[in-house]
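Okay, protein.cif is below, mmCIF, C-alpha atoms and all ligand atoms:
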```cif
data_coords
#
loop_
_atom_site.label_atom_id
_atom_site.label_comp_id
_atom_site.auth_asym_id
_atom_site.auth_seq_id
_atom_site.Cartn_x
_atom_site.Cartn_y
_atom_site.Cartn_z
CA GLN A 250 15.00 -9.13 -6.41
CA ASN A 251 17.14 -7.09 -8.75
CA GLU A 252 17.16 -9.99 -11.20
CA ILE A 253 13.40 -9.77 -11.57
CA TYR A 254 13.52 -6.06 -12.07
CA SER A 255 16.22 -6.28 -14.71
CA ALA A 256 14.40 -9.18 -16.39
CA GLY A 257 11.41 -6.84 -16.62
CA ILE A 258 13.28 -3.93 -18.10
CA HIS A 259 15.11 -6.14 -20.56
CA GLY A 260 11.83 -7.25 -22.01
CA ARG A 261 11.78 -10.88 -20.87
CA THR A 262 8.39 -12.17 -19.82
CA PRO A 263 8.21 -12.96 -16.10
CA SER A 264 6.74 -16.31 -15.03
CA VAL A 265 3.70 -14.61 -13.49
CA PRO A 266 2.16 -11.16 -14.04
CA THR A 267 3.92 -8.46 -12.00
CA ASP A 268 0.73 -6.65 -10.90
CA PHE A 269 -1.91 -8.15 -8.63
CA ALA A 270 -4.92 -7.42 -10.83
CA THR A 271 -3.50 -9.33 -13.81
CA LEU A 272 -2.18 -12.09 -11.57
CA GLU A 273 -5.64 -12.55 -10.10
CA ARG A 274 -7.39 -12.44 -13.46
CA ARG A 275 -5.10 -15.04 -15.04
CA ALA A 276 -5.35 -17.31 -12.01
CA ARG A 277 -9.11 -17.15 -12.18
CA ALA A 278 -9.05 -18.28 -15.80
CA ARG A 279 -6.91 -21.26 -14.77
CA MET A 280 -8.81 -22.40 -11.68
CA SER A 281 -12.03 -24.36 -11.29
CA ARG A 282 -15.14 -22.37 -10.40
CA ARG A 283 -15.23 -23.89 -6.94
CA GLY A 284 -11.51 -23.49 -6.37
CA TRP A 285 -11.68 -19.85 -7.38
CA ALA A 286 -14.68 -19.18 -5.14
CA TYR A 287 -12.89 -20.64 -2.13
CA VAL A 288 -9.56 -18.90 -2.63
CA ALA A 289 -10.70 -15.49 -3.85
CA GLY A 290 -13.90 -15.27 -1.85
CA GLY A 291 -14.50 -13.22 1.27
CA ALA A 292 -17.08 -13.14 4.01
CA GLY A 293 -20.58 -11.75 3.48
CA GLU A 294 -20.86 -8.87 1.05
CA GLY A 295 -17.09 -8.49 0.75
CA ARG A 296 -16.95 -5.35 2.88
CA THR A 297 -13.92 -6.41 4.89
CA MET A 298 -11.93 -7.22 1.77
CA ALA A 299 -12.83 -3.82 0.36
CA ALA A 300 -11.94 -2.13 3.67
CA ASN A 301 -8.48 -3.71 3.59
CA ARG A 302 -7.80 -1.96 0.30
CA GLU A 303 -9.42 1.34 1.22
CA ALA A 304 -7.51 1.62 4.49
CA LEU A 305 -4.18 1.13 2.73
CA ASP A 306 -5.14 3.77 0.18
CA ARG A 307 -5.77 6.24 3.00
CA TRP A 308 -2.03 6.27 3.70
CA ALA A 309 0.26 7.89 1.14
CA ILE A 310 4.00 7.44 0.89
CA VAL A 311 5.86 10.76 0.97
CA PRO A 312 9.21 10.14 -0.74
CA ARG A 313 12.35 11.93 0.45
CA MET A 314 15.11 12.97 -1.98
CA LEU A 315 18.90 13.23 -2.11
CA ARG A 316 19.58 10.67 0.61
CA ASP A 317 21.90 8.16 -1.13
CA THR A 318 19.86 4.98 -1.19
CA SER A 319 22.30 2.99 -3.30
CA ASP A 320 22.87 0.53 -0.47
CA ARG A 321 19.58 -0.87 0.88
CA ASP A 322 18.89 -3.44 3.57
CA LEU A 323 15.68 -5.48 3.64
CA ALA A 324 16.86 -7.98 6.26
CA THR A 325 14.76 -8.46 9.37
CA ASP A 326 15.23 -10.37 12.62
CA LEU A 327 12.34 -12.50 13.78
CA PHE A 328 12.58 -14.84 16.76
CA GLY A 329 16.32 -15.35 16.39
CA GLN A 330 16.30 -15.85 12.62
CA THR A 331 17.50 -13.25 10.15
CA LEU A 332 15.23 -13.13 7.11
CA PRO A 333 16.33 -11.66 3.78
CA ALA A 334 13.11 -9.58 3.69
CA PRO A 335 10.29 -8.84 6.15
CA ILE A 336 7.87 -11.09 4.30
CA LEU A 337 6.35 -14.51 5.07
CA PHE A 338 4.08 -16.90 3.20
CA SER A 339 0.71 -16.96 5.02
CA PRO A 340 -0.75 -20.36 5.89
CA VAL A 341 -3.29 -21.45 3.29
CA GLY A 342 -5.37 -24.58 3.71
CA ALA A 343 -7.10 -26.53 0.96
CA GLY A 344 -4.29 -25.56 -1.40
CA ALA A 345 -5.06 -28.55 -3.63
CA LEU A 346 -7.83 -26.38 -5.06
CA ALA A 347 -5.06 -24.40 -6.76
CA HIS A 348 -2.47 -27.13 -7.39
CA ASP A 349 -1.90 -30.77 -6.56
CA ARG A 350 0.07 -31.10 -3.28
CA ALA A 351 0.14 -27.32 -3.10
CA ASP A 352 1.95 -27.09 0.22
CA VAL A 353 4.99 -28.95 -1.08
CA HIS A 354 5.32 -26.54 -4.00
CA ILE A 355 4.77 -23.46 -1.85
CA GLY A 356 7.40 -24.79 0.56
CA HIS A 357 9.78 -25.17 -2.35
CA ALA A 358 9.07 -21.59 -3.43
CA ALA A 359 9.55 -20.13 0.04
CA ALA A 360 12.80 -22.06 0.52
CA GLU A 361 14.17 -20.67 -2.73
CA LEU A 362 13.57 -17.16 -1.43
CA GLY A 363 14.74 -18.00 2.11
CA LEU A 364 11.45 -16.61 3.48
CA PRO A 365 9.40 -18.49 6.11
CA TYR A 366 6.42 -20.55 5.06
CA ILE A 367 3.77 -20.97 7.74
CA PHE A 368 2.39 -24.48 7.17
CA SER A 369 -1.38 -24.67 7.49
CA ASN A 370 -3.05 -27.07 9.87
CA GLN A 371 -5.44 -27.61 6.96
CA GLY A 372 -2.62 -28.50 4.60
CA CYS A 373 -3.06 -30.92 1.72
CA ALA A 374 0.32 -32.51 2.43
CA PRO A 375 1.77 -33.68 5.75
CA MET A 376 4.14 -31.14 7.30
CA GLU A 377 7.01 -33.64 7.24
CA ASP A 378 6.82 -33.85 3.44
CA VAL A 379 6.82 -30.06 3.07
CA ALA A 380 9.75 -29.70 5.47
CA ALA A 381 11.73 -32.37 3.55
CA GLU A 382 11.12 -30.50 0.29
CA MET A 383 12.29 -27.23 1.83
CA GLU A 384 15.41 -28.90 3.23
CA SER A 385 16.24 -30.23 -0.23
CA VAL A 386 16.16 -26.69 -1.61
CA ARG A 387 17.89 -24.90 1.25
CA PRO A 388 19.07 -26.67 4.40
CA GLY A 389 17.56 -24.91 7.41
CA ALA A 390 14.95 -23.11 5.28
CA PRO A 391 12.72 -21.29 7.78
CA ARG A 392 9.27 -22.77 8.43
CA TRP A 393 6.57 -22.20 11.00
CA PHE A 394 3.48 -24.20 11.87
CA GLN A 395 -0.07 -22.85 12.13
CA LEU A 396 -2.41 -24.58 14.53
CA TYR A 397 -6.18 -24.72 14.66
CA TRP A 398 -6.89 -25.58 18.26
CA SER A 399 -8.67 -28.92 18.21
CA THR A 400 -11.50 -29.81 20.55
CA ASP A 401 -9.14 -32.54 21.79
CA ASP A 402 -5.88 -31.43 23.44
CA ARG A 403 -4.25 -34.74 22.50
CA LEU A 404 -4.33 -33.66 18.86
CA VAL A 405 -2.87 -30.27 19.77
CA ARG A 406 -0.02 -32.05 21.57
CA SER A 407 0.59 -34.37 18.66
CA LEU A 408 0.60 -31.60 16.04
CA VAL A 409 2.91 -29.41 18.11
CA SER A 410 5.39 -32.21 18.69
CA ARG A 411 5.36 -33.03 14.98
CA ALA A 412 5.96 -29.34 14.27
CA GLU A 413 8.94 -29.27 16.62
CA ALA A 414 10.35 -32.43 15.03
CA MET A 415 10.08 -31.04 11.50
CA GLY A 416 11.96 -27.89 12.50
CA ALA A 417 9.26 -25.27 13.03
CA ALA A 418 10.71 -21.98 14.29
CA ALA A 419 7.38 -20.78 15.73
CA ILE A 420 3.84 -21.94 16.41
CA VAL A 421 1.07 -19.73 15.06
CA VAL A 422 -2.32 -20.20 16.71
CA THR A 423 -5.13 -18.97 14.49
CA LEU A 424 -7.82 -17.44 16.69
CA ASP A 425 -10.31 -16.12 14.17
CA THR A 426 -11.53 -19.40 12.68
CA THR A 427 -12.99 -21.36 15.55
CA MET A 428 -15.88 -21.61 13.07
CA LEU A 429 -15.86 -20.95 9.36
CA GLY A 430 -17.16 -17.51 8.33
CA TRP A 431 -20.28 -16.82 6.25
CA ARG A 432 -18.92 -17.22 2.73
CA PRO A 433 -21.67 -16.73 0.15
CA GLN A 434 -19.54 -17.60 -2.88
CA ASP A 435 -18.94 -21.09 -1.51
CA LEU A 436 -22.37 -21.43 0.05
CA ASN A 437 -24.08 -20.55 -3.23
CA LEU A 438 -22.11 -23.24 -5.04
CA GLY A 439 -22.64 -25.69 -2.20
CA SER A 440 -18.92 -26.25 -2.32
CA LEU A 441 -17.60 -25.67 1.18
CA PRO A 442 -17.38 -29.36 2.13
CA PHE A 443 -15.55 -30.06 -1.14
CA ALA A 444 -13.10 -27.33 -0.31
CA ARG A 445 -12.60 -28.63 3.21
CA ALA A 446 -11.89 -32.09 1.80
CA GLU A 447 -8.80 -30.62 0.11
CA GLY A 448 -7.22 -29.70 3.41
CA ILE A 449 -7.29 -32.69 5.70
CA ASP A 450 -4.03 -34.51 5.02
CA GLN A 451 -2.33 -32.74 7.90
CA TYR A 452 -4.89 -34.43 10.13
CA THR A 453 -5.13 -37.76 8.40
CA SER A 454 -1.35 -38.17 8.53
CA ASP A 455 -1.60 -37.95 12.33
CA PRO A 456 -2.09 -41.22 14.25
CA THR A 457 -3.62 -39.31 17.17
CA PHE A 458 -6.33 -37.98 14.86
CA TRP A 459 -7.37 -41.53 14.04
CA GLU A 460 -7.37 -42.56 17.66
CA ILE A 461 -9.77 -39.73 18.40
CA VAL A 462 -11.96 -40.53 15.37
CA ALA A 463 -12.18 -44.17 16.43
CA GLU A 464 -13.15 -43.20 19.96
CA ARG A 465 -15.78 -40.77 18.85
CA LEU A 466 -17.26 -43.13 16.27
CA LYS A 467 -17.78 -45.70 18.97
CA GLY A 468 -19.66 -43.15 21.02
CA ALA A 469 -21.65 -41.74 18.08
CA THR A 470 -25.12 -42.98 18.80
CA LYS A 471 -27.01 -39.75 19.24
CA GLU A 472 -29.18 -38.32 16.47
CA LYS A 473 -27.13 -36.22 14.01
CA PRO A 474 -28.38 -33.44 11.73
CA GLU A 475 -28.66 -33.86 7.95
CA ILE A 476 -25.45 -34.00 5.96
CA SER A 477 -24.81 -33.03 2.35
CA ILE A 478 -23.26 -34.95 -0.53
CA GLY A 479 -20.26 -32.69 0.00
CA ALA A 480 -19.90 -33.95 3.52
CA ILE A 481 -19.83 -37.50 2.20
CA LYS A 482 -17.06 -36.48 -0.16
CA THR A 483 -15.20 -35.14 2.84
CA LEU A 484 -15.64 -38.48 4.46
CA LEU A 485 -14.33 -40.36 1.44
CA SER A 486 -11.25 -38.19 1.33
CA ILE A 487 -10.67 -39.01 4.94
CA ALA A 488 -11.21 -42.64 4.16
CA ARG A 489 -8.42 -42.66 1.57
CA ASN A 490 -5.84 -42.51 4.34
CA VAL A 491 -7.67 -44.38 6.99
CA PRO A 492 -6.07 -47.33 8.79
CA GLY A 493 -7.65 -50.68 7.82
CA GLU A 494 -9.55 -51.35 11.01
CA LEU A 495 -11.31 -48.00 10.88
CA ARG A 496 -12.12 -48.16 7.19
CA ARG A 497 -14.94 -50.60 7.87
CA ASN A 498 -16.53 -48.14 10.28
CA LEU A 499 -16.10 -45.21 7.95
CA THR A 500 -17.65 -46.86 4.93
CA ALA A 501 -20.49 -48.27 6.99
CA PRO A 502 -24.06 -47.23 6.05
CA GLU A 503 -24.01 -44.43 8.58
CA PRO A 504 -21.21 -42.16 7.36
CA ARG A 505 -22.53 -38.96 8.81
CA ALA A 506 -21.13 -39.63 12.24
CA ALA A 507 -17.64 -39.84 10.78
CA VAL A 508 -17.92 -36.59 8.83
CA GLU A 509 -19.25 -34.73 11.77
CA THR A 510 -16.56 -36.24 13.88
CA PHE A 511 -13.96 -34.65 11.63
CA LEU A 512 -15.67 -31.28 11.76
CA ASP A 513 -16.04 -31.59 15.50
CA ILE A 514 -12.39 -32.36 16.03
CA TYR A 515 -10.70 -29.70 13.94
CA SER A 516 -11.50 -26.52 15.84
CA ARG A 517 -12.69 -25.41 19.28
CA PRO A 518 -15.22 -22.59 19.45
CA SER A 519 -14.85 -22.44 23.24
CA LEU A 520 -11.13 -21.54 22.99
CA ASN A 521 -10.14 -18.90 25.54
CA TRP A 522 -7.05 -17.23 26.96
CA ASP A 523 -6.54 -19.84 29.67
CA ASP A 524 -6.23 -22.63 27.07
CA LEU A 525 -3.11 -20.91 25.78
CA ALA A 526 -1.30 -21.77 28.99
CA VAL A 527 -1.46 -25.41 27.85
CA LEU A 528 0.54 -24.52 24.76
CA ARG A 529 3.12 -22.59 26.78
CA GLU A 530 3.67 -25.77 28.81
CA LEU A 531 3.94 -27.88 25.66
CA THR A 532 6.62 -26.01 23.79
CA ASP A 533 9.50 -23.57 24.12
CA LEU A 534 8.95 -22.33 20.58
CA PRO A 535 7.78 -18.74 20.13
CA ILE A 536 3.97 -18.53 20.17
CA VAL A 537 2.32 -16.19 17.69
CA LEU A 538 -1.41 -15.42 17.80
CA LYS A 539 -3.02 -14.88 14.39
CA GLY A 540 -6.20 -12.90 13.96
CA VAL A 541 -5.73 -10.22 16.63
CA LEU A 542 -7.57 -7.01 15.72
CA HIS A 543 -8.46 -5.28 19.00
CA PRO A 544 -5.72 -3.41 20.89
CA ASP A 545 -7.01 -4.86 24.17
CA ASP A 546 -6.44 -8.38 22.83
CA ALA A 547 -2.93 -7.34 21.83
CA LEU A 548 -2.36 -6.09 25.39
CA GLU A 549 -3.72 -9.34 26.82
CA ALA A 550 -1.27 -11.20 24.58
CA VAL A 551 1.55 -9.15 26.09
CA GLU A 552 0.32 -9.96 29.61
CA ARG A 553 0.12 -13.66 28.82
CA GLY A 554 3.72 -13.78 27.63
CA VAL A 555 2.91 -14.42 23.97
CA ASP A 556 5.86 -13.76 21.65
CA GLY A 557 4.11 -12.26 18.66
CA ILE A 558 0.79 -11.53 16.98
CA ILE A 559 -0.44 -11.40 13.42
CA VAL A 560 -2.89 -8.56 12.97
CA SER A 561 -5.24 -10.16 10.48
CA ASN A 562 -8.86 -10.42 9.42
CA HIS A 563 -8.07 -13.67 7.58
CA GLY A 564 -8.05 -11.95 4.22
CA GLY A 565 -11.58 -10.64 4.85
CA ARG A 566 -12.91 -14.19 5.00
CA GLN A 567 -14.37 -14.33 8.50
CA VAL A 568 -16.33 -11.32 9.77
CA ASP A 569 -17.92 -9.15 7.11
CA GLY A 570 -17.76 -5.48 8.02
CA SER A 571 -14.83 -5.97 10.37
CA ILE A 572 -12.03 -3.46 10.85
CA SER A 573 -9.39 -3.38 8.12
CA SER A 574 -6.01 -4.91 8.82
CA THR A 575 -4.30 -1.52 8.38
CA ASP A 576 -6.59 0.40 10.78
CA ALA A 577 -6.23 -2.39 13.33
CA LEU A 578 -2.46 -2.40 12.88
CA VAL A 579 -2.19 1.28 13.78
CA ASP A 580 -4.17 0.81 17.02
CA VAL A 581 -2.30 -2.37 17.97
CA VAL A 582 1.16 -0.88 17.34
CA ASP A 583 0.29 2.10 19.51
CA ALA A 584 -1.03 -0.10 22.33
CA VAL A 585 1.79 -2.62 22.37
CA SER A 586 4.72 -0.22 21.85
CA GLY A 587 7.34 -2.81 21.02
CA ARG A 588 6.59 -5.41 23.71
CA LEU A 589 5.99 -8.20 21.19
CA LYS A 590 6.56 -8.81 17.50
CA ILE A 591 3.76 -7.54 15.28
CA LEU A 592 3.10 -9.12 11.92
CA VAL A 593 0.19 -8.24 9.69
CA ASP A 594 -1.69 -9.74 6.76
CA SER A 595 -4.90 -9.37 4.74
CA GLY A 596 -4.77 -7.38 1.53
CA PHE A 597 -1.02 -6.60 1.21
CA TYR A 598 -0.38 -7.37 -2.44
CA THR A 599 2.41 -5.03 -3.57
CA GLY A 600 5.79 -3.76 -2.42
CA SER A 601 4.17 -0.41 -1.77
CA ASP A 602 1.55 -2.05 0.50
CA VAL A 603 4.30 -3.79 2.45
CA PHE A 604 6.25 -0.53 2.76
CA LYS A 605 3.20 1.11 4.33
CA ALA A 606 2.69 -1.73 6.81
CA LEU A 607 6.33 -1.53 7.92
CA ALA A 608 6.21 2.25 8.22
CA LEU A 609 3.07 1.94 10.35
CA GLY A 610 5.01 -0.28 12.74
CA ALA A 611 4.69 -3.89 11.56
CA ASP A 612 7.81 -6.03 11.91
CA ALA A 613 6.86 -8.18 8.92
CA VAL A 614 4.01 -8.83 6.49
CA CYS A 615 2.45 -12.14 5.48
CA ILE A 616 1.20 -12.68 1.95
CA GLY A 617 -1.74 -14.99 1.22
CA ARG A 618 -3.63 -15.00 -2.05
CA PRO A 619 -0.79 -13.76 -4.29
CA HIS A 620 1.24 -16.93 -3.73
CA MET A 621 -1.86 -19.08 -4.24
CA TYR A 622 -2.52 -17.37 -7.56
CA GLY A 623 1.11 -17.74 -8.60
CA LEU A 624 0.89 -21.41 -7.69
CA ALA A 625 -2.28 -21.90 -9.73
CA LEU A 626 -0.60 -20.29 -12.74
CA ASN A 627 2.87 -21.72 -12.66
CA GLY A 628 3.42 -24.15 -9.80
CA ALA A 629 6.36 -23.59 -7.45
CA ASP A 630 7.98 -21.06 -9.81
CA GLY A 631 4.76 -19.07 -9.91
CA ALA A 632 4.37 -19.05 -6.13
CA ARG A 633 7.99 -17.96 -5.78
CA ASP A 634 7.77 -15.19 -8.37
CA ALA A 635 4.46 -13.81 -7.08
CA VAL A 636 6.22 -13.11 -3.76
CA ALA A 637 9.61 -12.25 -5.29
CA ASN A 638 7.87 -9.52 -7.30
CA ILE A 639 6.55 -8.01 -4.07
CA VAL A 640 10.03 -8.14 -2.53
CA ALA A 641 11.54 -6.51 -5.62
CA GLU A 642 8.96 -3.74 -5.61
CA LEU A 643 9.52 -3.20 -1.89
CA ASP A 644 13.22 -2.75 -2.54
CA LEU A 645 12.56 -0.17 -5.25
CA THR A 646 9.90 1.64 -3.23
CA LEU A 647 12.32 1.86 -0.34
CA GLY A 648 15.09 3.35 -2.45
CA LEU A 649 12.85 5.71 -4.41
CA SER A 650 11.29 6.95 -1.18
CA GLY A 651 14.66 7.91 0.24
CA GLN A 652 14.81 5.01 2.71
CA SER A 653 17.62 2.47 3.06
CA ASP A 654 16.61 0.10 5.83
CA VAL A 655 13.27 -1.58 6.54
CA ARG A 656 14.10 -1.65 10.24
CA THR A 657 14.25 2.12 10.56
CA LEU A 658 11.07 2.96 8.64
CA THR A 659 8.66 5.12 10.63
CA ARG A 660 5.33 6.83 10.10
CA SER A 661 7.17 9.97 9.05
CA ALA A 662 7.52 8.25 5.65
CA LEU A 663 3.71 8.41 5.29
CA LYS A 664 0.93 10.95 5.32
CA ARG A 665 -2.58 10.04 6.37
CA LEU A 666 -5.03 11.35 3.79
C1 LIG B 701 -6.46 -18.84 4.22
N1 LIG B 701 -6.07 -18.43 5.50
C2 LIG B 701 -5.75 -19.37 6.45
N2 LIG B 701 -5.28 -19.00 7.67
C3 LIG B 701 -4.92 -19.91 8.59
O1 LIG B 701 -4.50 -19.54 9.68
N3 LIG B 701 -5.03 -21.24 8.31
C4 LIG B 701 -5.50 -21.71 7.12
O2 LIG B 701 -5.58 -22.90 6.90
C5 LIG B 701 -5.90 -20.73 6.17
N4 LIG B 701 -6.40 -21.13 4.96
C6 LIG B 701 -6.63 -20.21 3.97
C7 LIG B 701 -7.00 -20.66 2.70
C8 LIG B 701 -7.17 -19.73 1.68
C9 LIG B 701 -7.54 -20.21 0.33
C10 LIG B 701 -6.97 -18.35 1.93
C11 LIG B 701 -7.12 -17.32 0.83
C12 LIG B 701 -6.62 -17.92 3.19
C13 LIG B 701 -5.85 -17.01 5.79
C14 LIG B 701 -4.42 -16.62 5.41
O3 LIG B 701 -3.48 -17.20 6.27
C15 LIG B 701 -4.21 -15.10 5.48
O4 LIG B 701 -4.62 -14.62 6.73
C16 LIG B 701 -4.93 -14.35 4.39
O5 LIG B 701 -4.94 -15.06 3.18
C17 LIG B 701 -4.24 -13.02 4.18
O6 LIG B 701 -4.96 -12.24 3.32
P1 LIG B 701 -4.58 -12.09 1.76
O7 LIG B 701 -3.10 -11.88 1.66
O8 LIG B 701 -5.04 -13.36 1.10
O9 LIG B 701 -5.42 -10.92 1.39
#
```
Give the structure from the file, written as structure tokens.
Amino acid sequence: QNEIYSAGIHGRTPSVPTDFATLERRARARMSRRGWAYVAGGAGEGRTMAANREALDRWAIVPRMLRDTSDRDLATDLFGQTLPAPILFSPVGAGALAHDRADVHIGHAAAELGLPYIFSNQGCAPMEDVAAEMESVRPGAPRWFQLYWSTDDRLVRSLVSRAEAMGAAAIVVTLDTTMLGWRPQDLNLGSLPFARAEGIDQYTSDPTFWEIVAERLKGATKEKPEISIGAIKTLLSIARNVPGELRRNLTAPEPRAAVETFLDIYSRPSLNWDDLAVLRELTDLPIVLKGVLHPDDALEAVERGVDGIIVSNHGGRQVDGSISSTDALVDVVDAVSGRLKILVDSGFYTGSDVFKALALGADAVCIGRPHMYGLALNGADGARDAVANIVAELDLTLGLSGQSDVRTLTRSALKRL
């Protein structure tokens, strides 16, 4: 991190802008209209995204002086791994909207920093490819896998066993996207199906997925609702990877059944707490629930023996007008009082933001859009530097606030305004 800081003060131009506003603006200029809408957009009128920012601004850092902060420690322990900083790369699906084979480049970036990358279930590259890339950069580079719970448990089993085989250190189950939120920016452009088509390689690289598709196509006789051109594009993307036998079915005159089959398979709106027991049976890996906002859900997670949660409103992309990640974090930390690991994401874009999350009681912070923007601007180097800048600013904020260790930060470092 110090390298980036000294590069800055010595007048060299960093590979991506060092502030979020400029990073976002430059990325926008580089991305397609549809790609930008999908990545930057939020749910509804954007109230949750705004709330994420406002809630962070309601907490002020109160620096302490004369405390010798020359020796600072950002290292954090998470599920038996020691990370160089309490920061992870959030899972982002449909990354090809920002860069070809995005996940491979983001994996490369995360491995360079030694920070975990949570592979998305909606990745545009198979997890094995991303893991191989990370291994080539740093053997043992930490990686997690994020699961959308399919309507078919066979796919869940297959994805989890692939995740174990490729070296995942934890399984993240995303709870808040059993259906896609109301996203006007994509809806107005009619581009959601196009966006979804950029995030299906994780599925199409899975033989079990194709078994399920084949089964469901055979049974698809009932009347189906209208589909859009975009849905057909989704289908064609699926068809690129399809085994020969199935290709004939998929390119048959009635493609809508296949598209809807994909949408039907990927996520289960009926998911409930009891389903999680299935996962506990399947794997010994730590289980982390993403999208917890209510303290009672956090308590239920404790009861059910879950290992960690990510307090998250999905970057403000799911429920418009929902509680901010920071307000939810405070309630969840108080309810759980150390009984499981608490991560947080949604709107943490600077070192100062991360400092506040840690002081409020988070064990680590996940970063979403910044690494996507860095990727759009400058590939793997851009994704790396977008996050490295946050780490560097965290280090400085720590020292300048009279703190030396992220693990001992408490709310006494903050004042609520
Ligand atoms: C996401 N997010 C997400 N989450 C998840 O569990 N699986 C996924 O496939 C995706 N896909 C995805 C795509 C894009 C383009 C974005 C912006 C986000 C949500 C993500 O993991 C994270 O919760 C938020 O991005 C965090 O908010 P910030 O940092 O983007 O404000």
(Q) Show me which residues line ligand LIG 701 (chain B), defined as having an atom within 9 Å of a ligand atom where only C-alpha atoms and all ligand atoms count, and present them as a ChimeraX atom specification. (A) /A:284-285,287-291,298,301,338-344,346-347,367-372,395-397,421-426,448,539-540,559-566,593-598,615-621
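When atom CA of Ser264 of chain A is paired with atom CA of Asp630 of chain A, their separation reads 7.2 Å.
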**Q.** Residue contacts of segment 427-433 of chain A (7 Å, all atoms listed in the file) excluding same-chain residues fewer than 2 positions away, as a ChimeraX atom specification
**A.** /A:291-293,424-425,435-437,516-518,566-568
Q: Return the single residue from A:Glu384, A:Ile420, A:Val462, A:Asp612 that is closest to Leu538 of chain A, with distances computed using only C-alpha atoms.
A: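 Comparing A:Glu384, A:Ile420, A:Val462, A:Asp612 against Leu538 of chain A, the winner is A:Ile420.
If you measure from each of A:Thr646, A:Ala359, A:Asp546, A:Leu589 to Leu327 of chain A using all atoms listed in the file, the closest one turns out to be A:Leu589.
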